[in-house]
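Structure below is data.txt: compact mmCIF, C-alpha atoms.
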```
# COMPACT_ATOMS: atom_id res chain seq x y z
CA MET A 1 -47.91 165.85 30.25
CA THR A 2 -48.16 163.71 27.11
CA GLN A 3 -47.81 165.27 23.67
CA MET A 4 -51.18 163.98 22.49
CA MET A 5 -54.70 164.69 23.72
CA LYS A 6 -58.20 163.30 23.36
CA CYS A 7 -60.58 165.49 21.36
CA VAL A 8 -63.82 165.46 19.34
CA VAL A 9 -63.22 166.32 15.69
CA LYS A 10 -65.60 167.14 12.84
CA GLU A 11 -63.66 165.10 10.29
CA ARG A 12 -65.55 165.66 7.06
CA PRO A 13 -68.05 168.13 5.53
CA GLU A 14 -71.11 165.89 5.87
CA VAL A 15 -73.83 164.88 8.30
CA GLY A 16 -72.31 163.25 11.39
CA ALA A 17 -68.56 162.72 10.87
CA LEU A 18 -67.79 163.48 14.54
CA VAL A 19 -65.16 161.23 16.09
CA LEU A 20 -63.27 160.96 19.35
CA THR A 21 -59.63 160.87 18.36
CA GLU A 22 -56.18 162.07 19.35
CA ARG A 23 -54.46 165.24 18.21
CA PRO A 24 -51.22 166.92 19.29
CA ILE A 25 -51.60 169.28 22.24
CA PRO A 26 -51.91 172.73 20.62
CA THR A 27 -49.00 175.13 20.45
CA TYR A 28 -49.48 178.72 21.61
CA GLY A 29 -48.06 182.09 20.64
CA ALA A 30 -46.59 185.01 22.56
CA ASN A 31 -50.03 186.54 23.17
CA ASP A 32 -51.81 183.26 23.91
CA ILE A 33 -52.44 180.92 26.81
CA LEU A 34 -52.64 177.13 26.98
CA VAL A 35 -55.56 175.83 29.03
CA LYS A 36 -56.31 172.40 30.49
CA VAL A 37 -60.05 171.97 29.92
CA LYS A 38 -61.89 171.05 33.12
CA ALA A 39 -65.45 171.11 31.75
CA ALA A 40 -67.07 171.80 28.37
CA ALA A 41 -70.76 172.48 27.80
CA VAL A 42 -72.76 171.20 24.84
CA CYS A 43 -74.46 173.92 22.76
CA GLY A 44 -77.06 173.91 20.03
CA THR A 45 -74.29 175.09 17.70
CA ASP A 46 -72.54 171.76 18.22
CA VAL A 47 -75.75 170.00 17.16
CA HIS A 48 -75.88 172.18 14.03
CA ILE A 49 -72.31 171.15 13.21
CA MET A 50 -73.23 167.50 13.69
CA GLU A 51 -76.25 167.90 11.39
CA TRP A 52 -74.17 169.90 8.88
CA ASN A 53 -76.87 172.51 8.32
CA ASP A 54 -76.51 175.59 6.10
CA TRP A 55 -75.11 177.68 8.95
CA SER A 56 -72.34 175.14 9.60
CA GLN A 57 -71.48 174.68 5.94
CA LYS A 58 -70.80 178.41 5.60
CA ARG A 59 -68.59 178.66 8.69
CA ILE A 60 -66.60 175.53 9.44
CA THR A 61 -63.91 173.81 7.37
CA PRO A 62 -63.27 170.27 8.63
CA PRO A 63 -61.29 168.75 10.17
CA THR A 64 -61.91 170.94 13.25
CA ILE A 65 -62.16 170.28 16.98
CA ILE A 66 -65.64 171.42 17.98
CA GLY A 67 -66.97 172.97 21.22
CA HIS A 68 -66.77 176.53 22.49
CA GLU A 69 -68.23 176.71 26.02
CA PHE A 70 -65.70 175.70 28.66
CA ALA A 71 -63.91 176.16 31.95
CA GLY A 72 -60.24 175.43 32.32
CA GLU A 73 -57.01 175.92 34.23
CA VAL A 74 -54.24 177.95 32.66
CA ILE A 75 -51.11 175.81 32.43
CA ALA A 76 -48.88 178.01 30.26
CA VAL A 77 -48.76 181.62 29.07
CA GLY A 78 -47.07 183.32 26.13
CA ASP A 79 -44.11 185.65 26.59
CA ASN A 80 -46.21 188.81 26.16
CA VAL A 81 -49.03 187.78 28.52
CA THR A 82 -49.24 189.83 31.72
CA THR A 83 -52.95 189.75 32.64
CA ILE A 84 -53.36 185.96 33.03
CA LYS A 85 -51.21 183.68 35.17
CA ILE A 86 -50.61 179.96 35.42
CA GLY A 87 -53.20 178.36 37.70
CA ASP A 88 -56.02 180.78 36.90
CA LEU A 89 -59.51 179.33 36.45
CA ILE A 90 -60.92 180.82 33.27
CA SER A 91 -63.78 180.81 30.83
CA ALA A 92 -63.47 182.49 27.45
CA GLU A 93 -65.16 184.90 25.10
CA THR A 94 -65.51 182.73 22.02
CA HIS A 95 -65.43 185.55 19.45
CA ILE A 96 -61.86 186.32 18.46
CA VAL A 97 -62.00 189.73 16.79
CA CYS A 98 -59.60 191.75 14.68
CA ASN A 99 -59.39 194.84 16.96
CA SER A 100 -58.63 196.94 13.87
CA CYS A 101 -61.87 197.42 11.92
CA ILE A 102 -64.18 200.41 12.30
CA LEU A 103 -66.63 198.34 14.38
CA CYS A 104 -63.94 197.29 16.85
CA HIS A 105 -62.63 200.86 17.02
CA ASN A 106 -66.13 202.11 17.88
CA GLY A 107 -66.67 199.65 20.71
CA TYR A 108 -68.74 197.15 18.71
CA GLU A 109 -66.32 194.24 18.85
CA HIS A 110 -69.22 191.83 19.38
CA VAL A 111 -70.30 192.40 15.75
CA CYS A 112 -66.82 192.55 14.20
CA ALA A 113 -67.13 191.29 10.62
CA ASN A 114 -63.75 189.58 10.92
CA THR A 115 -64.71 187.44 13.91
CA LYS A 116 -63.22 183.95 14.18
CA THR A 117 -65.21 181.72 16.53
CA ILE A 118 -63.67 179.09 18.79
CA GLY A 119 -64.91 175.61 17.88
CA VAL A 120 -66.07 176.79 14.45
CA ALA A 121 -63.42 178.78 12.58
CA ARG A 122 -60.63 177.38 14.77
CA ASP A 123 -60.15 174.41 17.06
CA GLY A 124 -62.42 174.30 20.09
CA CYS A 125 -62.76 172.92 23.59
CA PHE A 126 -64.13 169.38 23.25
CA ALA A 127 -60.58 168.38 24.09
CA GLU A 128 -58.19 167.98 26.96
CA TYR A 129 -56.38 171.21 26.05
CA ILE A 130 -57.09 174.41 24.12
CA ALA A 131 -54.97 177.42 23.17
CA ILE A 132 -56.66 180.84 22.98
CA PRO A 133 -55.64 184.51 22.89
CA ALA A 134 -55.05 185.74 26.42
CA GLU A 135 -57.34 188.72 25.82
CA ASN A 136 -60.29 186.33 25.43
CA ALA A 137 -59.84 184.73 28.86
CA VAL A 138 -62.07 185.76 31.76
CA VAL A 139 -60.78 184.81 35.21
CA TYR A 140 -63.05 183.40 37.94
CA ASP A 141 -62.64 182.80 41.64
CA PRO A 142 -61.06 179.35 42.00
CA SER A 143 -63.87 178.26 44.32
CA THR A 144 -66.45 178.60 41.51
CA PRO A 145 -67.62 175.16 40.32
CA VAL A 146 -66.14 174.38 36.92
CA GLU A 147 -69.59 173.34 35.66
CA ILE A 148 -70.85 176.88 36.31
CA VAL A 149 -67.79 178.52 34.76
CA SER A 150 -68.26 176.36 31.66
CA ILE A 151 -71.71 177.86 30.97
CA MET A 152 -70.74 181.51 31.45
CA GLU A 153 -70.46 182.05 27.69
CA PRO A 154 -74.13 181.16 26.97
CA PHE A 155 -75.11 182.84 30.24
CA GLY A 156 -73.56 185.97 28.74
CA VAL A 157 -76.03 185.85 25.85
CA ALA A 158 -78.88 185.67 28.38
CA VAL A 159 -77.40 188.58 30.32
CA HIS A 160 -76.90 190.68 27.18
CA ALA A 161 -80.48 190.06 26.02
CA ALA A 162 -82.14 190.49 29.40
CA MET A 163 -80.21 193.67 30.21
CA GLU A 164 -80.46 195.32 26.77
CA PHE A 165 -83.51 197.24 27.99
CA PRO A 166 -84.25 198.14 31.64
CA VAL A 167 -86.56 195.43 33.00
CA ALA A 168 -86.95 196.69 36.58
CA GLY A 169 -90.65 197.08 37.33
CA LYS A 170 -91.62 195.91 33.83
CA ILE A 171 -93.80 193.09 32.52
CA VAL A 172 -91.47 190.77 30.62
CA MET A 173 -92.00 187.87 28.23
CA VAL A 174 -89.21 185.34 27.68
CA ASN A 175 -90.09 183.67 24.39
CA GLY A 176 -88.50 180.22 24.35
CA CYS A 177 -86.99 178.57 27.42
CA GLY A 178 -84.12 176.53 26.17
CA PRO A 179 -80.92 176.86 28.24
CA ILE A 180 -80.33 180.54 27.41
CA GLY A 181 -84.01 181.46 27.74
CA VAL A 182 -84.23 179.86 31.17
CA MET A 183 -81.13 181.79 32.25
CA ALA A 184 -82.71 185.00 30.91
CA VAL A 185 -85.75 184.34 33.13
CA ALA A 186 -83.43 184.29 36.14
CA VAL A 187 -81.63 187.46 35.03
CA ALA A 188 -84.89 189.36 34.46
CA LYS A 189 -86.15 188.45 37.92
CA LYS A 190 -82.81 189.26 39.53
CA CYS A 191 -82.91 192.67 37.81
CA GLY A 192 -86.32 193.47 39.25
CA ALA A 193 -88.88 192.53 36.59
CA ALA A 194 -92.38 192.95 38.01
CA LYS A 195 -93.64 189.84 36.24
CA VAL A 196 -92.06 187.34 33.88
CA PHE A 197 -94.16 185.31 31.46
CA ALA A 198 -92.27 182.39 29.95
CA VAL A 199 -93.48 180.87 26.67
CA GLU A 200 -92.42 177.26 26.19
CA ILE A 201 -93.88 174.00 24.86
CA ASN A 202 -91.36 171.59 26.43
CA LYS A 203 -92.71 170.46 29.82
CA GLN A 204 -89.30 169.91 31.41
CA ARG A 205 -88.05 173.32 30.33
CA ALA A 206 -91.32 174.96 31.43
CA GLU A 207 -90.85 173.50 34.91
CA LEU A 208 -87.26 174.74 34.99
CA ALA A 209 -88.39 178.22 33.93
CA LEU A 210 -90.72 178.30 36.95
CA LYS A 211 -87.89 177.12 39.17
CA MET A 212 -85.65 179.90 37.85
CA GLY A 213 -88.22 182.59 38.64
CA ALA A 214 -90.90 182.75 35.94
CA ASP A 215 -94.25 183.85 37.35
CA GLU A 216 -96.21 181.92 34.74
CA VAL A 217 -95.50 179.66 31.77
CA LEU A 218 -97.71 179.77 28.68
CA ASN A 219 -97.72 176.79 26.32
CA PRO A 220 -98.66 177.98 22.80
CA MET A 221 -99.83 174.45 21.97
CA GLU A 222 -102.47 174.74 24.70
CA VAL A 223 -103.42 178.42 24.90
CA ASP A 224 -103.73 181.44 22.64
CA VAL A 225 -100.70 183.35 23.90
CA VAL A 226 -101.81 186.75 22.56
CA GLN A 227 -105.24 186.43 24.14
CA ALA A 228 -103.78 185.19 27.43
CA ILE A 229 -101.31 188.09 27.61
CA LYS A 230 -104.01 190.65 26.84
CA GLU A 231 -106.19 189.20 29.59
CA LYS A 232 -103.36 189.23 32.13
CA THR A 233 -101.80 192.64 31.40
CA PRO A 234 -103.13 196.20 30.97
CA HIS A 235 -101.68 196.75 27.48
CA GLY A 236 -99.35 193.80 26.79
CA VAL A 237 -95.79 193.01 27.76
CA GLU A 238 -93.32 195.86 27.95
CA ILE A 239 -90.20 193.80 27.23
CA VAL A 240 -89.89 190.68 25.06
CA ILE A 241 -86.72 188.59 25.20
CA GLU A 242 -86.85 186.34 22.14
CA PHE A 243 -84.94 183.05 21.85
CA THR A 244 -87.15 180.77 19.77
CA GLY A 245 -86.02 181.72 16.28
CA ASN A 246 -89.47 180.48 15.26
CA THR A 247 -91.14 182.83 12.77
CA ARG A 248 -94.63 182.18 14.07
CA ALA A 249 -93.55 182.57 17.70
CA ILE A 250 -91.77 185.84 16.89
CA LYS A 251 -94.87 187.23 15.18
CA THR A 252 -96.96 186.22 18.20
CA ALA A 253 -94.52 187.94 20.55
CA ILE A 254 -94.71 191.17 18.51
CA GLU A 255 -98.49 191.06 18.82
CA CYS A 256 -98.10 190.64 22.61
CA MET A 257 -95.98 193.81 22.93
CA ALA A 258 -97.50 196.89 24.51
CA PRO A 259 -97.22 200.24 22.72
CA GLU A 260 -93.60 201.43 23.09
CA GLY A 261 -92.69 197.81 23.85
CA LYS A 262 -89.14 196.61 23.32
CA MET A 263 -87.88 193.28 21.97
CA ALA A 264 -84.36 191.93 22.45
CA ALA A 265 -84.08 189.28 19.74
CA ALA A 266 -81.45 186.55 20.04
CA GLY A 267 -83.19 183.68 18.20
CA LEU A 268 -82.29 183.11 14.56
CA PRO A 269 -85.26 182.31 12.27
CA ASN A 270 -84.79 180.30 9.09
CA GLY A 271 -87.08 182.59 7.12
CA SER A 272 -88.60 186.07 7.10
CA VAL A 273 -91.07 187.22 9.76
CA ASP A 274 -94.33 188.60 8.37
CA PHE A 275 -95.97 191.19 10.61
CA ASP A 276 -97.91 194.43 10.33
CA PHE A 277 -95.08 196.92 9.99
CA SER A 278 -97.37 199.95 9.90
CA GLU A 279 -98.94 198.98 13.22
CA PHE A 280 -95.46 198.29 14.60
CA VAL A 281 -94.32 201.79 13.62
CA TYR A 282 -97.50 203.49 14.78
CA SER A 283 -97.25 201.88 18.23
CA GLY A 284 -93.60 202.88 18.70
CA LYS A 285 -92.22 199.38 19.17
CA VAL A 286 -88.52 198.49 19.00
CA ILE A 287 -86.63 195.33 18.01
CA LYS A 288 -82.92 195.11 18.88
CA GLY A 289 -80.73 192.27 17.66
CA ILE A 290 -78.58 190.55 20.28
CA ALA A 291 -75.28 189.26 18.94
CA GLY A 292 -73.25 187.29 21.46
CA ARG A 293 -71.93 189.32 24.38
CA LEU A 294 -70.72 192.90 24.70
CA MET A 295 -66.96 192.62 24.96
CA TYR A 296 -66.35 192.66 27.80
CA LYS A 297 -69.07 194.50 29.68
CA THR A 298 -71.46 191.55 29.55
CA TRP A 299 -68.87 189.30 31.18
CA GLU A 300 -68.52 191.71 34.09
CA ASP A 301 -72.31 191.99 34.41
CA ALA A 302 -72.55 188.20 34.44
CA LYS A 303 -69.87 187.88 37.13
CA GLY A 304 -71.69 190.50 39.18
CA LEU A 305 -75.00 188.64 38.95
CA ILE A 306 -73.33 185.42 40.13
CA ALA A 307 -71.62 187.29 42.98
CA GLY A 308 -75.02 188.77 43.84
CA GLY A 309 -76.49 185.34 44.41
CA LEU A 310 -77.98 184.27 41.08
CA ASP A 311 -77.84 180.46 41.16
CA LEU A 312 -77.22 178.71 37.85
CA SER A 313 -76.81 175.22 39.28
CA PRO A 314 -80.30 174.03 38.17
CA ILE A 315 -79.25 174.74 34.57
CA VAL A 316 -76.74 171.87 34.65
CA THR A 317 -78.89 168.76 34.30
CA HIS A 318 -76.38 166.21 32.96
CA THR A 319 -72.65 165.57 33.34
CA LEU A 320 -70.87 163.05 31.11
CA PRO A 321 -67.30 162.07 30.28
CA LEU A 322 -65.98 163.48 27.00
CA GLU A 323 -66.10 159.98 25.53
CA GLU A 324 -69.92 160.15 25.69
CA PHE A 325 -70.16 163.32 23.59
CA GLU A 326 -72.67 161.67 21.25
CA GLU A 327 -75.10 161.23 24.14
CA GLY A 328 -74.58 164.86 25.10
CA LEU A 329 -75.46 165.94 21.57
CA ARG A 330 -78.50 163.66 21.56
CA LEU A 331 -79.75 165.12 24.84
CA MET A 332 -79.40 168.65 23.48
CA LYS A 333 -81.09 167.85 20.16
CA SER A 334 -84.02 166.09 21.84
CA GLY A 335 -84.57 168.79 24.46
CA GLU A 336 -84.17 166.24 27.26
CA CYS A 337 -81.52 168.33 29.00
CA CYS A 338 -80.93 171.93 29.86
CA LYS A 339 -77.13 172.00 29.80
CA THR A 340 -75.01 168.88 29.51
CA ILE A 341 -71.41 169.16 30.65
CA LEU A 342 -68.61 167.03 29.20
CA ILE A 343 -65.61 166.27 31.42
CA PRO A 344 -62.36 165.47 29.53
```
Output the file's structure as structure tokens, nothing else.
Amino acid sequence: MTQMMKCVVKERPEVGALVLTERPIPTYGANDILVKVKAAAVCGTDVHIMEWNDWSQKRITPPTIIGHEFAGEVIAVGDNVTTIKIGDLISAETHIVCNSCILCHNGYEHVCANTKTIGVARDGCFAEYIAIPAENAVVYDPSTPVEIVSIMEPFGVAVHAAMEFPVAGKIVMVNGCGPIGVMAVAVAKKCGAAKVFAVEINKQRAELALKMGADEVLNPMEVDVVQAIKEKTPHGVEIVIEFTGNTRAIKTAIECMAPEGKMAAAGLPNGSVDFDFSEFVYSGKVIKGIAGRLMYKTWEDAKGLIAGGLDLSPIVTHTLPLEEFEEGLRLMKSGECCKTILIP
């Protein structure tokens, strides 16, 4: 093993400034593991870092290796590590938490205010090797394709959102069918949703939503979604799973909710959402924010869904060598892919 590795680094605090370069293979501590990256998935967060938007400027201090969704083989373990062994195939929870604040102590590690995120606050996985705390590793059967293991982190967001409220026998709307939304469609159907309406304007993603189990796709550029839902349901949708982060789309989804309807909201809008709060209260509706994954219940739920036959292979639409990371980012930004996988 050489002492240097290929990696993609955000070099400077400006638009672009992503380069393929070499860095020393990371060192690891007594409670850490060293992982040889087998596959890394491109995320919208990586696009935000490339574009240097407000979110990125507040969270990342270049130079930093980007990327946080990955599969890898453990090649070394720290002296205190007993739960992970050399040779294990792993993915990783990307939120590294303090384990000492009141939120962590109450079982809310997923919203720990002291969270450090892989590929943002510390070096990430668009590299040949990555070092992470052993407690963040999740082990998979070695027969699982590395491409599937590499998307288990975003799949976890879909699982968290789709399982926040019981969907069995319910009418469900998945608002926005990017990669996580499409996976949420599959989870809702696997968990027994009576009917799943997907709302999506991108034709390719709409077709994938149908392939993953949506009963019908509504394009808000072509139909009045509220009117269509009211015509197709007795009182509206009982569960909304929101991924658009679009203020208008969120308001529309609220209007589509039946009395006592529930919304699991994972999309992040840039501005405030204006809706009739009095009507919302009077009809007994609920909105619950979805932050990442429950640590580590969501990971076990996700593994169970895969073991139960949920097939994520259609989600992986492109595979590229790490050297072509710019094309992977372009595909994600343009919406031409679902998930693009980079192979170091």
Fill in: Contacts of segment 214-225 of chain A within 6 Å, only C-alpha atoms, excl. fewer than 2 positions in-chain, as a ChimeraX atom specification
/A:196-201,209-210,227-228
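Among the candidate residues A:Pro154, A:Gly292, A:Pro133, A:Pro269, the one lying nearest to Tyr108 of chain A is A:Gly292, with distances computed using only C-alpha atoms.
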Practice prompt. Between A:Met173, A:Ala307, A:Ala194, A:Ile290, single out the one closest to Ile254 of chain A, counting all atoms listed in the file.
Written response: A:Met173
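As for atom CA of Ala41 of chain A and atom CA of Ile96 of chain A, they are spaced 18.9 Å apart.
Atom pair atom CA of Lys333 of chain A / atom CA of Thr21 of chain A has a distance of 22.6 Å (rounded to one decimal).
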Provide segment 282-293 of chain A rebuilt to all heavy atoms, formatted as a short mmCIF file (atom, residue, chain, number, x, y, z; two decimals), keeping the file's coordinate frame.
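Below you can see selection02.cif, which holds the result:
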```cif
data_model
loop_
_atom_site.label_atom_id
_atom_site.label_comp_id
_atom_site.auth_asym_id
_atom_site.auth_seq_id
_atom_site.Cartn_x
_atom_site.Cartn_y
_atom_site.Cartn_z
N TYR A 282 -96.52 202.59 14.16
CA TYR A 282 -97.50 203.49 14.78
C TYR A 282 -97.53 203.32 16.30
O TYR A 282 -97.80 204.28 17.03
CB TYR A 282 -98.89 203.23 14.20
CG TYR A 282 -99.93 204.22 14.64
CD1 TYR A 282 -99.91 205.54 14.17
CD2 TYR A 282 -100.93 203.86 15.54
CE1 TYR A 282 -100.85 206.46 14.57
CE2 TYR A 282 -101.88 204.77 15.95
CZ TYR A 282 -101.86 206.08 15.46
OH TYR A 282 -102.79 206.98 15.87
N SER A 283 -97.22 202.12 16.78
CA SER A 283 -97.25 201.88 18.23
C SER A 283 -95.89 202.09 18.89
O SER A 283 -95.73 201.88 20.09
CB SER A 283 -97.75 200.46 18.52
OG SER A 283 -96.95 199.50 17.88
N GLY A 284 -94.89 202.51 18.12
CA GLY A 284 -93.60 202.88 18.70
C GLY A 284 -92.78 201.73 19.24
O GLY A 284 -91.96 201.92 20.14
N LYS A 285 -92.95 200.55 18.67
CA LYS A 285 -92.22 199.38 19.17
C LYS A 285 -90.78 199.35 18.64
O LYS A 285 -90.45 200.00 17.65
CB LYS A 285 -92.96 198.09 18.78
CG LYS A 285 -94.35 197.98 19.39
CD LYS A 285 -95.09 196.75 18.91
CE LYS A 285 -96.50 196.68 19.49
NZ LYS A 285 -97.27 195.52 18.97
N VAL A 286 -89.94 198.57 19.34
CA VAL A 286 -88.52 198.49 19.00
C VAL A 286 -88.09 197.02 19.00
O VAL A 286 -88.47 196.26 19.90
CB VAL A 286 -87.66 199.25 20.04
CG1 VAL A 286 -86.17 199.01 19.79
CG2 VAL A 286 -87.96 200.74 20.00
N ILE A 287 -87.30 196.63 18.00
CA ILE A 287 -86.63 195.33 18.01
C ILE A 287 -85.12 195.57 17.93
O ILE A 287 -84.65 196.28 17.06
CB ILE A 287 -87.06 194.44 16.83
CG1 ILE A 287 -88.56 194.13 16.88
CG2 ILE A 287 -86.27 193.12 16.84
CD1 ILE A 287 -89.05 193.30 15.71
N LYS A 288 -84.39 194.98 18.86
CA LYS A 288 -82.92 195.11 18.88
C LYS A 288 -82.30 193.73 18.77
O LYS A 288 -82.60 192.84 19.56
CB LYS A 288 -82.48 195.78 20.19
CG LYS A 288 -80.97 195.88 20.39
CD LYS A 288 -80.35 196.81 19.37
CE LYS A 288 -78.91 197.20 19.76
NZ LYS A 288 -78.00 196.03 19.75
N GLY A 289 -81.43 193.54 17.79
CA GLY A 289 -80.73 192.27 17.66
C GLY A 289 -79.68 192.09 18.74
O GLY A 289 -79.00 193.05 19.12
N ILE A 290 -79.56 190.88 19.24
CA ILE A 290 -78.58 190.55 20.28
C ILE A 290 -77.56 189.59 19.69
O ILE A 290 -77.87 188.43 19.40
CB ILE A 290 -79.27 189.91 21.50
CG1 ILE A 290 -80.32 190.85 22.10
CG2 ILE A 290 -78.23 189.51 22.55
CD1 ILE A 290 -79.78 192.17 22.60
N ALA A 291 -76.36 190.07 19.51
CA ALA A 291 -75.28 189.26 18.94
C ALA A 291 -74.26 188.95 20.02
O ALA A 291 -73.52 189.83 20.46
CB ALA A 291 -74.62 190.00 17.78
N GLY A 292 -74.25 187.71 20.48
CA GLY A 292 -73.25 187.29 21.46
C GLY A 292 -73.28 188.10 22.74
O GLY A 292 -74.32 188.37 23.31
N ARG A 293 -72.10 188.56 23.14
CA ARG A 293 -71.93 189.32 24.38
C ARG A 293 -71.19 190.62 24.09
O ARG A 293 -70.32 190.65 23.23
CB ARG A 293 -71.12 188.50 25.40
CG ARG A 293 -71.79 187.19 25.80
CD ARG A 293 -70.79 186.08 25.98
NE ARG A 293 -70.04 185.82 24.76
CZ ARG A 293 -70.50 185.06 23.77
NH1 ARG A 293 -71.67 184.46 23.87
NH2 ARG A 293 -69.78 184.89 22.67
#
```
